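Here's entry_24.cif, which has mmCIF, C-alpha atoms (C1' of nucleotides); chains and numbers go by the auth columns:
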data_start
#
loop_
_atom_site.group_PDB
_atom_site.id
_atom_site.type_symbol
_atom_site.label_atom_id
_atom_site.label_comp_id
_atom_site.label_asym_id
_atom_site.label_seq_id
_atom_site.Cartn_x
_atom_site.Cartn_y
_atom_site.Cartn_z
_atom_site.B_iso_or_equiv
_atom_site.auth_seq_id
_atom_site.auth_asym_id
ATOM 1 C CA MET A 1 5.398 164.200 232.232 0.00 1 A
ATOM 2 C CA THR A 2 3.571 160.980 231.688 0.00 2 A
ATOM 3 C CA ALA A 3 0.958 160.269 234.280 0.00 3 A
ATOM 4 C CA ARG A 4 2.689 157.767 236.492 0.00 4 A
ATOM 5 C CA ARG A 5 1.283 156.258 239.628 0.00 5 A
ATOM 6 C CA SER A 6 1.677 158.164 242.816 0.00 6 A
ATOM 7 C CA THR A 7 4.821 157.812 244.833 0.00 7 A
ATOM 8 C CA ALA A 8 2.656 156.647 247.713 0.00 8 A
ATOM 9 C CA LEU A 9 1.539 153.593 245.773 0.00 9 A
ATOM 10 C CA LYS A 10 5.080 152.789 244.709 0.00 10 A
ATOM 11 C CA GLN A 11 6.280 153.263 248.243 0.00 11 A
ATOM 12 C CA ALA A 12 3.662 150.811 249.511 0.00 12 A
ATOM 13 C CA ILE A 13 5.150 148.195 247.188 0.00 13 A
ATOM 14 C CA TRP A 14 8.713 148.978 248.198 0.00 14 A
ATOM 15 C CA LEU A 15 7.870 148.822 251.893 0.00 15 A
ATOM 16 C CA VAL A 16 6.370 145.367 251.541 0.00 16 A
ATOM 17 C CA ILE A 17 9.378 144.065 249.647 0.00 17 A
ATOM 18 C CA ALA A 18 11.734 145.607 252.177 0.00 18 A
ATOM 19 C CA ALA A 19 9.838 143.755 254.895 0.00 19 A
ATOM 20 C CA ILE A 20 10.439 140.281 253.457 0.00 20 A
ATOM 21 C CA PRO A 21 12.588 138.478 256.031 0.00 21 A
ATOM 22 C CA HIS A 22 16.013 137.124 255.211 0.00 22 A
ATOM 23 C CA GLY A 23 15.745 133.580 253.936 0.00 23 A
ATOM 24 C CA ARG A 24 12.106 133.918 252.843 0.00 24 A
ATOM 25 C CA VAL A 25 10.437 134.758 249.528 0.00 25 A
ATOM 26 C CA CYS A 26 7.212 136.341 248.257 0.00 26 A
ATOM 27 C CA THR A 27 5.304 136.187 244.993 0.00 27 A
ATOM 28 C CA TYR A 28 4.519 139.223 242.884 0.00 28 A
ATOM 29 C CA GLY A 29 0.841 138.750 243.610 0.00 29 A
ATOM 30 C CA ASP A 30 1.429 138.540 247.360 0.00 30 A
ATOM 31 C CA ILE A 31 3.233 141.831 247.303 0.00 31 A
ATOM 32 C CA ALA A 32 0.459 143.515 245.367 0.00 32 A
ATOM 33 C CA ASN A 33 -2.070 142.210 247.882 0.00 33 A
ATOM 34 C CA MET A 34 -0.059 143.165 250.945 0.00 34 A
ATOM 35 C CA ALA A 35 0.432 146.638 249.503 0.00 35 A
ATOM 36 C CA GLY A 36 -3.326 146.993 249.204 0.00 36 A
ATOM 37 C CA GLN A 37 -3.298 146.715 245.422 0.00 37 A
ATOM 38 C CA PRO A 38 -4.755 143.309 244.588 0.00 38 A
ATOM 39 C CA GLY A 39 -4.464 142.165 240.997 0.00 39 A
ATOM 40 C CA GLN A 40 -1.500 144.408 240.313 0.00 40 A
ATOM 41 C CA ALA A 41 1.196 141.750 240.234 0.00 41 A
ATOM 42 C CA ARG A 42 2.261 142.826 236.811 0.00 42 A
ATOM 43 C CA TRP A 43 2.893 146.315 237.960 0.00 43 A
ATOM 44 C CA VAL A 44 5.024 145.009 240.810 0.00 44 A
ATOM 45 C CA GLY A 45 7.290 143.336 238.291 0.00 45 A
ATOM 46 C CA ARG A 46 7.355 146.477 236.221 0.00 46 A
ATOM 47 C CA LEU A 47 8.385 148.510 239.222 0.00 47 A
ATOM 48 C CA LEU A 48 11.163 146.085 240.105 0.00 48 A
ATOM 49 C CA SER A 49 12.476 146.218 236.558 0.00 49 A
ATOM 50 C CA GLU A 50 13.076 149.911 237.060 0.00 50 A
ATOM 51 C CA LEU A 51 15.116 149.558 240.233 0.00 51 A
ATOM 52 C CA PRO A 52 18.580 151.105 240.075 0.00 52 A
ATOM 53 C CA PRO A 53 21.444 148.550 239.964 0.00 53 A
ATOM 54 C CA ASP A 54 22.671 149.653 243.376 0.00 54 A
ATOM 55 C CA SER A 55 19.296 149.348 245.090 0.00 55 A
ATOM 56 C CA THR A 56 19.348 147.827 248.563 0.00 56 A
ATOM 57 C CA LEU A 57 15.840 146.448 248.157 0.00 57 A
ATOM 58 C CA PRO A 58 15.790 142.627 248.413 0.00 58 A
ATOM 59 C CA TRP A 59 14.297 142.167 244.948 0.00 59 A
ATOM 60 C CA HIS A 60 15.796 138.692 244.758 0.00 60 A
ATOM 61 C CA ARG A 61 13.242 137.501 247.334 0.00 61 A
ATOM 62 C CA VAL A 62 10.444 137.915 244.789 0.00 62 A
ATOM 63 C CA VAL A 63 9.411 135.001 242.572 0.00 63 A
ATOM 64 C CA ASN A 64 6.301 134.227 240.548 0.00 64 A
ATOM 65 C CA ALA A 65 3.213 132.359 241.734 0.00 65 A
ATOM 66 C CA SER A 66 4.814 129.021 240.832 0.00 66 A
ATOM 67 C CA GLY A 67 7.961 129.679 242.817 0.00 67 A
ATOM 68 C CA LYS A 68 9.862 130.051 239.588 0.00 68 A
ATOM 69 C CA ILE A 69 12.431 132.746 238.972 0.00 69 A
ATOM 70 C CA THR A 70 11.475 134.867 235.996 0.00 70 A
ATOM 71 C CA HIS A 71 14.088 137.537 236.336 0.00 71 A
ATOM 72 C CA PRO A 72 16.132 138.468 233.234 0.00 72 A
ATOM 73 C CA ASN A 73 19.308 137.687 235.145 0.00 73 A
ATOM 74 C CA ALA A 74 18.044 134.511 236.803 0.00 74 A
ATOM 75 C CA SER A 75 21.544 133.302 237.602 0.00 75 A
ATOM 76 C CA LYS A 76 22.241 136.302 239.766 0.00 76 A
ATOM 77 C CA GLN A 77 18.974 135.937 241.623 0.00 77 A
ATOM 78 C CA VAL A 78 19.594 132.248 242.212 0.00 78 A
ATOM 79 C CA GLN A 79 23.025 133.076 243.574 0.00 79 A
ATOM 80 C CA ARG A 80 21.659 135.641 246.005 0.00 80 A
ATOM 81 C CA LEU A 81 18.930 133.296 247.195 0.00 81 A
ATOM 82 C CA GLN A 82 21.380 130.480 247.804 0.00 82 A
ATOM 83 C CA ASP A 83 23.663 132.881 249.623 0.00 83 A
ATOM 84 C CA GLU A 84 20.969 133.312 252.236 0.00 84 A
ATOM 85 C CA GLY A 85 20.217 129.640 252.554 0.00 85 A
ATOM 86 C CA ILE A 86 17.314 129.280 250.158 0.00 86 A
ATOM 87 C CA GLN A 87 17.504 126.138 248.074 0.00 87 A
ATOM 88 C CA THR A 88 16.749 126.359 244.375 0.00 88 A
ATOM 89 C CA VAL A 89 16.215 123.586 241.874 0.00 89 A
ATOM 90 C CA HIS A 90 16.134 124.464 238.205 0.00 90 A
ATOM 91 C CA GLN A 91 15.523 128.130 238.982 0.00 91 A
ATOM 92 C CA ARG A 92 12.643 127.320 241.301 0.00 92 A
ATOM 93 C CA VAL A 93 12.094 127.597 245.034 0.00 93 A
ATOM 94 C CA ALA A 94 9.692 125.587 247.203 0.00 94 A
ATOM 95 C CA LEU A 95 7.008 128.125 248.099 0.00 95 A
ATOM 96 C CA LYS A 96 5.577 125.736 250.670 0.00 96 A
ATOM 97 C CA ARG A 97 8.775 126.085 252.588 0.00 97 A
ATOM 98 C CA TYR A 98 9.993 129.627 251.969 0.00 98 A
ATOM 99 C CA ARG A 99 6.923 131.694 251.165 0.00 99 A
ATOM 100 C CA TRP A 100 6.404 134.530 253.604 0.00 100 A
ATOM 101 C CA GLN A 101 2.892 135.756 254.351 0.00 101 A
ATOM 102 C CA PRO A 102 2.120 137.948 257.380 0.00 102 A
ATOM 103 C "C1'" DC B 1 -6.003 154.884 218.586 0.00 1 B
ATOM 104 C "C1'" DC B 2 -3.577 150.546 217.577 0.00 2 B
ATOM 105 C "C1'" DT B 3 -0.307 146.812 218.495 0.00 3 B
ATOM 106 C "C1'" DA B 4 3.601 144.702 220.962 0.00 4 B
ATOM 107 C "C1'" DT B 5 6.102 143.686 225.041 0.00 5 B
ATOM 108 C "C1'" DG B 6 7.057 142.556 229.902 0.00 6 B
ATOM 109 C "C1'" DA B 7 10.776 140.183 236.580 0.00 7 B
ATOM 110 C "C1'" DC B 8 2.342 138.480 236.432 0.00 8 B
ATOM 111 C "C1'" DC B 9 -1.842 135.348 237.501 0.00 9 B
ATOM 112 C "C1'" DA B 10 -5.730 131.957 237.421 0.00 10 B
ATOM 113 C "C1'" DT B 11 -7.939 128.616 234.875 0.00 11 B
ATOM 114 C "C1'" DA B 12 -8.565 125.073 231.403 0.00 12 B
ATOM 115 C "C1'" DG B 13 -7.082 121.381 228.402 0.00 13 B
ATOM 116 C "C1'" DC C 1 5.346 119.531 231.986 0.00 1 C
ATOM 117 C "C1'" DC C 2 3.317 122.509 228.100 0.00 2 C
ATOM 118 C "C1'" DT C 3 0.257 126.017 225.471 0.00 3 C
ATOM 119 C "C1'" DA C 4 -3.871 128.950 225.111 0.00 4 C
ATOM 120 C "C1'" DT C 5 -7.054 132.449 226.955 0.00 5 C
ATOM 121 C "C1'" DG C 6 -8.576 136.475 229.413 0.00 6 C
ATOM 122 C "C1'" DG C 7 -7.429 139.823 232.751 0.00 7 C
ATOM 123 C "C1'" DC C 8 -4.254 143.330 234.699 0.00 8 C
ATOM 124 C "C1'" DC C 9 -1.180 147.822 233.677 0.00 9 C
ATOM 125 C "C1'" DA C 10 2.732 150.959 231.944 0.00 10 C
ATOM 126 C "C1'" DT C 11 5.667 152.118 228.184 0.00 11 C
ATOM 127 C "C1'" DA C 12 7.282 152.397 223.454 0.00 12 C
ATOM 128 C "C1'" DG C 13 6.597 152.906 218.565 0.00 13 C
#

Will you turn the file into structure tokens for me?
Amino acid sequence: MTARRSTALKQAIWLVIAAIPHGRVCTYGDIANMAGQPGQARWVGRLLSELPPDSTLPWHRVVNASGKITHPNASKQVQRLQDEGIQTVHQRVALKRYRWQP
DNA sequence: CCTATGACCATAG
DNA sequence: CCTATGGCCATAG
């Protein structure tokens, strides 16, 4: 078994993402910070890339620090964001308006 | 051990 | 807007 990070650390990330309100978004860095793991934005993205296709986690509410969507299937993410009332322009959301920070 | 890659980020030019 | 740089970390080859 490769030495992966503890389930507790992963769970902290998942909990934060699950807590993002409907109609709001977060950045990868925000999530790392809120999960008590500052500077680990990259790992957050890595973790999300390993989510099962049928996951109920609102992964679509996560964008990068510029508000841009950098997901492999950007179209799908855009669709899901618009479905909950979040406006997107050229695969980008207005963080000033939708960013969620406790 | 090395390099390359990736749903990242801040800063500089 | 763009690219480059340095930092972060896991995984693959």

Next on the checklist: Please identify all residues of chain A having at least one atom at most 8 Å from any atom of chain C, considering all atoms listed in the file, and return them as an NGL selection string.
Outcome noted: :A and (39-43 or 46)

Item to check | Result set of the PyMOL selection byres ((chain A and resi 96-100) around 6) on the coordinates above, as JSON, numbers by chain | outcome: {"A": [24, 25, 26, 94, 95, 101]}

Checklist entry - Mind telling me what the PyMOL selection byres ((chain A) within 12 of (chain B)) catches here, as an NGL selection string? => result :A and (27-32 or 38-51 or 59-66 or 68-74 or 77)

Next on the checklist: Would you compute the distance between CA of Gln91 (chain A) and CA of Val78 (chain A)? Give it in Å to one decimal.
Outcome noted: 6.6 Å

Checklist entry - CA of Glu84 (chain A) to CA of Ser55 (chain A): how many Å, to one decimal? => result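 Atom-to-atom, CA of Glu84 (chain A) and CA of Ser55 (chain A) are spaced 17.6 Å apart.
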
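In this model, the gap between CA of Pro102 (chain A) and CA of Asn33 (chain A) comes to 11.2 Å.
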
Checklist entry - Which residue gives the smallest distance to Gly36 (chain A) among A:Gly23, A:Gln11, A:Asp54, A:Val89, with only C-alpha atoms counted? => result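 Ranked by minimum distance to Gly36 (chain A), first place goes to A:Gln11.
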
Quick one: axis-aligned box around all listed atoms of region 6-13 of chain C, 4 Å on every side, centre and edge lengths in Å to one decimal, written as lines of an AutoDock Vina configuration file.
center_x = -0.6
center_y = 144.7
center_z = 226.6
size_x = 23.9
size_y = 24.4
size_z = 24.1
